[in-house]
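Engineer: File name target-v5.cif; file contents mmCIF, C-alpha atoms; full text below.
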```cif
data_work
loop_
_atom_site.group_PDB
_atom_site.id
_atom_site.type_symbol
_atom_site.label_atom_id
_atom_site.label_comp_id
_atom_site.auth_asym_id
_atom_site.auth_seq_id
_atom_site.Cartn_x
_atom_site.Cartn_y
_atom_site.Cartn_z
ATOM 1 C CA MET A 206 0.000 0.000 0.000
ATOM 2 C CA ASN A 207 1.425 3.422 -0.885
ATOM 3 C CA ASP A 208 1.015 6.799 0.800
ATOM 4 C CA ALA A 209 -1.638 7.900 -1.713
ATOM 5 C CA THR A 210 -3.974 5.086 -0.685
ATOM 6 C CA PRO A 211 -4.753 5.104 3.030
ATOM 7 C CA PRO A 212 -5.848 1.871 4.703
ATOM 8 C CA PRO A 213 -9.532 1.007 4.410
ATOM 9 C CA ALA A 214 -11.796 2.420 7.059
ATOM 10 C CA ASN A 215 -12.425 0.332 10.139
ATOM 11 C CA PRO A 216 -16.220 0.259 10.665
ATOM 12 C CA ASP A 217 -15.714 0.060 14.434
ATOM 13 C CA ASP A 218 -13.714 3.300 14.343
ATOM 14 C CA LEU A 219 -16.631 5.294 12.894
ATOM 15 C CA GLN A 220 -19.285 6.419 15.336
ATOM 16 C CA LEU A 221 -22.632 8.040 14.635
ATOM 17 C CA VAL A 222 -23.480 11.161 16.629
ATOM 18 C CA ALA A 223 -27.056 12.440 16.408
ATOM 19 C CA LEU A 224 -27.199 16.000 15.093
ATOM 20 C CA THR A 225 -28.476 18.437 17.710
ATOM 21 C CA PHE A 226 -28.885 22.144 18.142
ATOM 22 C CA ASP A 227 -25.666 22.164 20.215
ATOM 23 C CA ASN A 228 -23.432 20.402 17.680
ATOM 24 C CA ALA A 229 -24.662 22.401 14.661
ATOM 25 C CA PRO A 230 -21.323 24.325 14.596
ATOM 26 C CA VAL A 231 -19.565 21.037 13.763
ATOM 27 C CA LEU A 232 -21.951 20.548 10.840
ATOM 28 C CA ALA A 233 -21.308 24.125 9.687
ATOM 29 C CA GLN A 234 -17.571 23.446 9.715
ATOM 30 C CA LEU A 235 -18.036 20.290 7.619
ATOM 31 C CA PHE A 236 -20.125 22.325 5.155
ATOM 32 C CA GLU A 237 -17.269 24.794 4.515
ATOM 33 C CA GLU A 238 -15.850 22.735 1.638
ATOM 34 C CA ARG A 239 -17.117 24.294 -1.613
ATOM 35 C CA ASP A 240 -18.100 20.981 -3.195
ATOM 36 C CA VAL A 241 -20.181 20.099 -0.143
ATOM 37 C CA TRP A 242 -22.358 23.208 0.035
ATOM 38 C CA ARG A 243 -22.745 23.288 -3.754
ATOM 39 C CA ASN A 244 -23.863 19.638 -3.825
ATOM 40 C CA PHE A 245 -26.540 20.528 -1.275
ATOM 41 C CA GLY A 246 -27.794 23.401 -3.439
ATOM 42 C CA TYR A 247 -26.513 26.249 -1.270
ATOM 43 C CA GLU A 248 -24.994 29.396 -2.800
ATOM 44 C CA CYS A 249 -22.446 29.532 0.026
ATOM 45 C CA ALA A 250 -21.633 27.503 3.123
ATOM 46 C CA PRO A 251 -24.532 27.713 5.594
ATOM 47 C CA SER A 252 -23.756 29.294 8.940
ATOM 48 C CA SER A 253 -24.120 27.553 12.256
ATOM 49 C CA PHE A 254 -27.052 29.903 12.940
ATOM 50 C CA ALA A 255 -28.827 28.917 9.702
ATOM 51 C CA LEU A 256 -28.329 25.233 10.434
ATOM 52 C CA ARG A 257 -29.671 25.663 13.957
ATOM 53 C CA LEU A 258 -32.787 27.289 12.509
ATOM 54 C CA ARG A 259 -33.336 24.291 10.220
ATOM 55 C CA LEU A 260 -32.918 21.928 13.167
ATOM 56 C CA ARG A 261 -35.352 23.950 15.256
ATOM 57 C CA GLN A 262 -37.936 23.904 12.421
ATOM 58 C CA GLY A 263 -37.806 20.107 12.575
ATOM 59 C CA ASP A 264 -37.543 19.513 8.830
ATOM 60 C CA VAL A 265 -33.967 18.226 8.899
ATOM 61 C CA THR A 266 -32.603 15.285 10.863
ATOM 62 C CA GLY A 267 -29.076 14.043 10.780
ATOM 63 C CA LEU A 268 -25.933 12.421 12.008
ATOM 64 C CA LEU A 269 -22.313 13.386 12.292
ATOM 65 C CA PHE A 270 -19.644 10.752 11.574
ATOM 66 C CA TYR A 271 -16.890 10.706 14.187
ATOM 67 C CA ARG A 272 -13.605 8.835 13.802
ATOM 68 C CA SER A 273 -12.478 7.908 17.313
ATOM 69 C CA SER A 274 -8.874 7.059 16.344
ATOM 70 C CA THR A 275 -8.251 10.615 15.106
ATOM 71 C CA GLN A 276 -10.823 12.259 17.388
ATOM 72 C CA ARG A 277 -12.404 14.242 14.583
ATOM 73 C CA TYR A 278 -15.638 14.502 12.666
ATOM 74 C CA VAL A 279 -15.254 13.230 9.105
ATOM 75 C CA GLY A 280 -18.699 13.687 7.581
ATOM 76 C CA PHE A 281 -22.439 13.763 8.010
ATOM 77 C CA ALA A 282 -25.763 12.410 6.797
ATOM 78 C CA LEU A 283 -28.875 14.540 6.532
ATOM 79 C CA ALA A 284 -32.496 13.708 5.849
ATOM 80 C CA PHE A 285 -34.812 16.489 4.754
ATOM 81 C CA GLY A 286 -38.496 16.420 5.616
ATOM 82 C CA VAL A 287 -40.451 15.891 8.814
ATOM 83 C CA PRO A 288 -39.480 12.500 10.264
ATOM 84 C CA GLY A 289 -42.080 9.919 11.233
ATOM 85 C CA PRO A 290 -42.716 6.172 10.835
ATOM 86 C CA GLN A 291 -44.484 6.665 7.476
ATOM 87 C CA ALA A 292 -42.352 9.574 6.203
ATOM 88 C CA SER A 293 -40.472 9.721 2.930
ATOM 89 C CA LEU A 294 -37.267 11.722 3.439
ATOM 90 C CA GLU A 295 -34.646 13.048 1.071
ATOM 91 C CA PHE A 296 -31.258 11.630 2.111
ATOM 92 C CA ALA A 297 -27.693 12.784 1.512
ATOM 93 C CA ILE A 298 -24.266 12.108 2.948
ATOM 94 C CA ALA A 299 -21.046 14.075 2.710
ATOM 95 C CA VAL A 300 -17.457 13.217 3.545
ATOM 96 C CA PRO A 301 -15.571 16.456 2.777
ATOM 97 C CA ASP A 302 -11.978 15.214 3.220
ATOM 98 C CA PRO A 303 -10.665 13.475 0.049
ATOM 99 C CA ALA A 304 -8.300 11.363 2.174
ATOM 100 C CA GLU A 305 -11.287 9.996 4.066
ATOM 101 C CA ARG A 306 -13.160 9.309 0.827
ATOM 102 C CA ARG A 307 -10.161 7.325 -0.458
ATOM 103 C CA ARG A 308 -10.621 5.053 2.560
ATOM 104 C CA ASN A 309 -13.924 3.931 0.989
ATOM 105 C CA ILE A 310 -16.073 4.980 3.909
ATOM 106 C CA GLY A 311 -19.083 5.930 1.772
ATOM 107 C CA LYS A 312 -20.699 2.514 2.037
ATOM 108 C CA ILE A 313 -19.869 2.143 5.730
ATOM 109 C CA VAL A 314 -21.188 5.519 6.884
ATOM 110 C CA GLY A 315 -23.998 5.600 4.352
ATOM 111 C CA MET A 316 -25.471 2.272 5.412
ATOM 112 C CA LYS A 317 -24.845 2.969 9.111
ATOM 113 C CA ALA A 318 -26.866 6.159 8.640
ATOM 114 C CA VAL A 319 -29.603 4.371 6.675
ATOM 115 C CA SER A 320 -29.800 1.787 9.473
ATOM 116 C CA TRP A 321 -30.071 4.572 12.046
ATOM 117 C CA PHE A 322 -32.979 6.238 10.201
ATOM 118 C CA PHE A 323 -34.908 3.003 9.637
ATOM 119 C CA GLY A 324 -33.967 1.448 12.988
ATOM 120 C CA ASN A 325 -35.291 4.491 14.850
ATOM 121 C CA GLU A 326 -38.460 4.513 12.711
ATOM 122 C CA LEU A 327 -37.767 8.025 11.456
ATOM 123 C CA CYS A 328 -39.062 7.125 7.992
ATOM 124 C CA ALA A 329 -40.502 4.409 5.765
ATOM 125 C CA LYS A 330 -38.579 5.505 2.687
ATOM 126 C CA LEU A 331 -35.378 7.380 1.862
ATOM 127 C CA TRP A 332 -34.642 8.779 -1.556
ATOM 128 C CA ALA A 333 -31.634 10.568 -2.960
ATOM 129 C CA TRP A 334 -30.203 12.145 -6.067
ATOM 130 C CA GLY A 335 -26.728 11.664 -7.449
ATOM 131 C CA ASP A 336 -24.515 12.412 -10.405
ATOM 132 C CA ALA A 337 -25.430 9.850 -13.077
ATOM 133 C CA LYS A 338 -21.902 10.089 -14.494
ATOM 134 C CA ASN A 339 -20.431 9.023 -11.149
ATOM 135 C CA THR A 340 -20.342 5.297 -11.936
ATOM 136 C CA ALA A 341 -18.704 4.473 -8.589
ATOM 137 C CA MET A 342 -21.599 6.087 -6.714
ATOM 138 C CA VAL A 343 -24.192 4.308 -8.873
ATOM 139 C CA ALA A 344 -22.441 0.951 -8.299
ATOM 140 C CA LEU A 345 -22.221 1.689 -4.562
ATOM 141 C CA VAL A 346 -25.932 2.402 -4.126
ATOM 142 C CA LYS A 347 -26.814 -0.720 -6.120
ATOM 143 C CA SER A 348 -24.518 -2.852 -3.951
ATOM 144 C CA CYS A 349 -26.274 -1.502 -0.850
ATOM 145 C CA GLY A 350 -29.736 -2.453 -2.079
ATOM 146 C CA TRP A 351 -30.925 0.980 -3.211
ATOM 147 C CA GLU A 352 -33.365 0.898 -6.122
ATOM 148 C CA ILE A 353 -32.713 3.116 -9.134
ATOM 149 C CA VAL A 354 -35.959 4.989 -9.736
ATOM 150 C CA GLY A 355 -34.931 6.949 -12.815
ATOM 151 C CA TYR A 356 -32.535 9.234 -14.626
ATOM 152 C CA GLU A 357 -32.884 12.913 -15.470
ATOM 153 C CA GLN A 358 -31.296 15.403 -17.823
ATOM 154 C CA GLY A 359 -31.756 19.068 -16.953
ATOM 155 C CA GLY A 360 -34.528 18.256 -14.460
ATOM 156 C CA ARG A 361 -36.547 16.201 -16.955
ATOM 157 C CA GLN A 362 -37.022 12.462 -16.610
ATOM 158 C CA MET A 363 -35.204 10.498 -19.304
ATOM 159 C CA VAL A 364 -36.367 7.272 -20.875
ATOM 160 C CA ASP A 365 -33.063 6.842 -22.691
ATOM 161 C CA GLY A 366 -30.135 8.990 -23.723
ATOM 162 C CA PRO A 367 -27.619 10.942 -21.668
ATOM 163 C CA ALA A 368 -28.508 11.788 -18.099
ATOM 164 C CA ASP A 369 -26.978 14.094 -15.514
ATOM 165 C CA ALA A 370 -28.819 12.848 -12.404
ATOM 166 C CA VAL A 371 -29.953 9.531 -11.029
ATOM 167 C CA GLU A 372 -32.737 9.151 -8.460
ATOM 168 C CA VAL A 373 -32.467 6.268 -6.004
ATOM 169 C CA ARG A 374 -34.760 4.989 -3.272
ATOM 170 C CA MET A 375 -34.457 2.722 -0.226
ATOM 171 C CA THR A 376 -37.542 1.449 1.556
ATOM 172 C CA ARG A 377 -37.665 -0.038 5.039
ATOM 173 C CA GLU A 378 -38.396 -3.421 3.413
ATOM 174 C CA GLY A 379 -35.397 -3.032 1.085
ATOM 175 C CA TRP A 380 -33.206 -2.152 4.054
ATOM 176 C CA LEU A 381 -34.398 -5.226 5.977
ATOM 177 C CA ALA A 382 -33.592 -7.404 2.931
ATOM 178 C CA TRP A 383 -30.124 -5.823 2.677
ATOM 179 C CA CYS A 384 -29.553 -6.450 6.419
ATOM 180 C CA ALA A 385 -30.467 -10.128 5.918
ATOM 181 C CA THR A 386 -27.886 -10.486 3.140
ATOM 182 C CA GLN A 387 -25.223 -8.977 5.418
ATOM 183 C CA ARG A 388 -25.894 -11.611 8.089
ATOM 184 C CA THR A 389 -25.882 -14.527 5.658
ATOM 185 C CA GLY A 390 -23.370 -13.491 3.050
#
```
Let me see the structure of the file written as structure tokens.

Structural biologist:
Amino acid sequence: MNDATPPPANPDDLQLVALTFDNAPVLAQLFEERDVWRNFGYECAPSSFALRLRLRQGDVTGLLFYRSSTQRYVGFALAFGVPGPQASLEFAIAVPDPAERRRNIGKIVGMKAVSWFFGNELCAKLWAWGDAKNTAMVALVKSCGWEIVGYEQGGRQMVDGPADAVEVRMTREGWLAWCATQRTG
């Protein structure tokens, strides 16, 4: 293994920390990376104050990812919408540090977060959007049991042809099926 490729992430080293009003400044710091706030549709990094307002409104729920070996936060997962056992929430994760992403933690933290949302009955369905040209991301969501709902180009659903976005969905039932395959396979 060379210096450019860090060792794979240890799942036991990554802890989930529920997002609260008090730890919103940590989330704001993770949002400072330009690619992160742009991917979430912001025109600039949201302030701690703005994030606290969203948390207080109750239409965003989330987790921070904490790496205990380095004692630092490495990413987050957010779900947009009002949580509840029958809710359908928009889901997104971010790992701002490229070195962390090279450790292939997307699947680990993503599915830990999905398990947290479904396990705590915060929703019945999660859905997300991604870059259709990001073949690694598309392969990752498929390997985790997410269903591809459709592709879009410029905000319009595509039947065939080039696409710039892919919509994916995970239901509680799909998550339970994925969990079963993890125990047996």

Engineer: If you take every atom of range 224-242 of chain A that the file lists and fit an axis-aligned box around them with 5 Å extra on each side, what centre and edge lengths come out in Å to one decimal, as JSON?

Structural biologist:
```
{"center_x": -22.4, "center_y": 20.4, "center_z": 8.5, "size_x": 23.0, "size_y": 18.8, "size_z": 33.4}
```

Engineer: Step by step, work through what the PyMOL selection byres ((chain A and resi 338-353) around 8) selects in the shown file, and finish by giving those residues as a PyMOL selection string.

Structural biologist: chain A and resi 312+316+335-337+354-355+368-375+379-380+383

Engineer: Hey, can you check how far CA of Phe296 in chain A sits from CA of Thr275 in chain A?

Structural biologist: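 Taking CA of Phe296 in chain A as the start and CA of Thr275 in chain A as the end point, the length is 26.4 Å.
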
Engineer: Mind checking which residues fall within 10 Å of range 243-248 of chain A, counting only C-alpha atoms, ignoring those fewer than 2 positions away in the same chain, and posting them as a PDB file with C-alpha atoms, in the frame of the given file?

Structural biologist:
```
ATOM      1  CA  PHE A 236     -20.125  22.325   5.155  1.00  0.00           C
ATOM      2  CA  GLU A 238     -15.850  22.735   1.638  1.00  0.00           C
ATOM      3  CA  ARG A 239     -17.117  24.294  -1.613  1.00  0.00           C
ATOM      4  CA  ASP A 240     -18.100  20.981  -3.195  1.00  0.00           C
ATOM      5  CA  VAL A 241     -20.181  20.099  -0.143  1.00  0.00           C
ATOM      6  CA  ALA A 250     -21.633  27.503   3.123  1.00  0.00           C
ATOM      7  CA  PRO A 251     -24.532  27.713   5.594  1.00  0.00           C
ATOM      8  CA  ALA A 297     -27.693  12.784   1.512  1.00  0.00           C
ATOM      9  CA  ILE A 298     -24.266  12.108   2.948  1.00  0.00           C
ATOM     10  CA  ALA A 299     -21.046  14.075   2.710  1.00  0.00           C
ATOM     11  CA  GLY A 335     -26.728  11.664  -7.449  1.00  0.00           C
ATOM     12  CA  ASP A 336     -24.515  12.412 -10.405  1.00  0.00           C
TER      13      ASP A 336
END
```

Engineer: Pick out the closest residue to Phe323 in chain A from this set: A:Asp227, A:Asp264, A:Asp217, A:Glu378. Count only C-alpha atoms.

Structural biologist: A:Glu378

Engineer: Name the closest residue to Leu327 in chain A among the candidates A:Arg307, A:Gly267, A:Ala385, A:Gly359; distances are taken between atoms, counting all atoms listed in the file.

Structural biologist: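 When distances to Leu327 in chain A are compared using all atoms listed in the file, the smallest one comes from A:Gly267.
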
Engineer: I'd like to know which of A:Ala229, A:Ala318, A:Val300, A:Leu221 is closest to Leu283 in chain A, using all atoms listed in the file.

Structural biologist: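 The closest residue to Leu283 in chain A is A:Ala318.
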
Engineer: Can you list, as a PyMOL selection string, every protein, DNA or RNA residue that comes within 7 Å of Thr266 in chain A when you count only C-alpha atoms, leaving out same-chain residues fewer than 3 positions away?

Structural biologist: chain A and resi 224+283-285

Engineer: Which residues are close to Ala233 in chain A, i.e. within 6 Å by all atoms listed in the file, leaving aside same-chain residues fewer than 3 positions away? Reply as a VMD selection string.

Structural biologist: chain A and resid 230 236 252 to 253

Engineer: Which residue gives the smallest distance to Leu219 in chain A among A:Arg308, A:Pro301, A:Leu260, A:Phe254, with all atoms listed in the file counted?

Structural biologist: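 So, comparing all the options, the nearest one is A:Arg308.
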
Engineer: Report as a list in words all protein, DNA and RNA residues lying within 10 Å of Lys317 in chain A, evaluated on only C-alpha atoms, omitting residues in the same chain fewer than 2 positions from it.

Structural biologist: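 Residues near the query, excluding close chain neighbours: Pro216, Leu219, Gln220, Leu221, Leu268, Phe270, Ala282, Gly311, Lys312, Ile313, Val314, Gly315, Val319, Ser320, Trp321 and Phe322 of chain A.
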
Engineer: What separation in Å, quoted to one decimal, exists between CA of Gln291 in chain A and CA of Lys330 in chain A?

Structural biologist: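 Computed distance, CA of Gln291 in chain A to CA of Lys330 in chain A, equals 7.7 Å.
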
Engineer: Could you check the closest approach to Asp218 in chain A for each of A:Ala292, A:Val279, A:Val287, A:Ala329 and tell me which residue wins, using all atoms listed in the file?

Structural biologist: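 Of A:Ala292, A:Val279, A:Val287, A:Ala329, the one nearest Asp218 in chain A is A:Val279, counting all atoms listed in the file.
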
Engineer: Counting all atoms listed in the file, which residue out of A:Leu294, A:Leu232, A:Ala304, A:Leu381 sits closest to Phe281 in chain A?

Structural biologist: A:Leu232

Engineer: Which distance in Å separates CA of Gln362 in chain A and CA of Trp334 in chain A, to one decimal?

Structural biologist: 12.6 Å
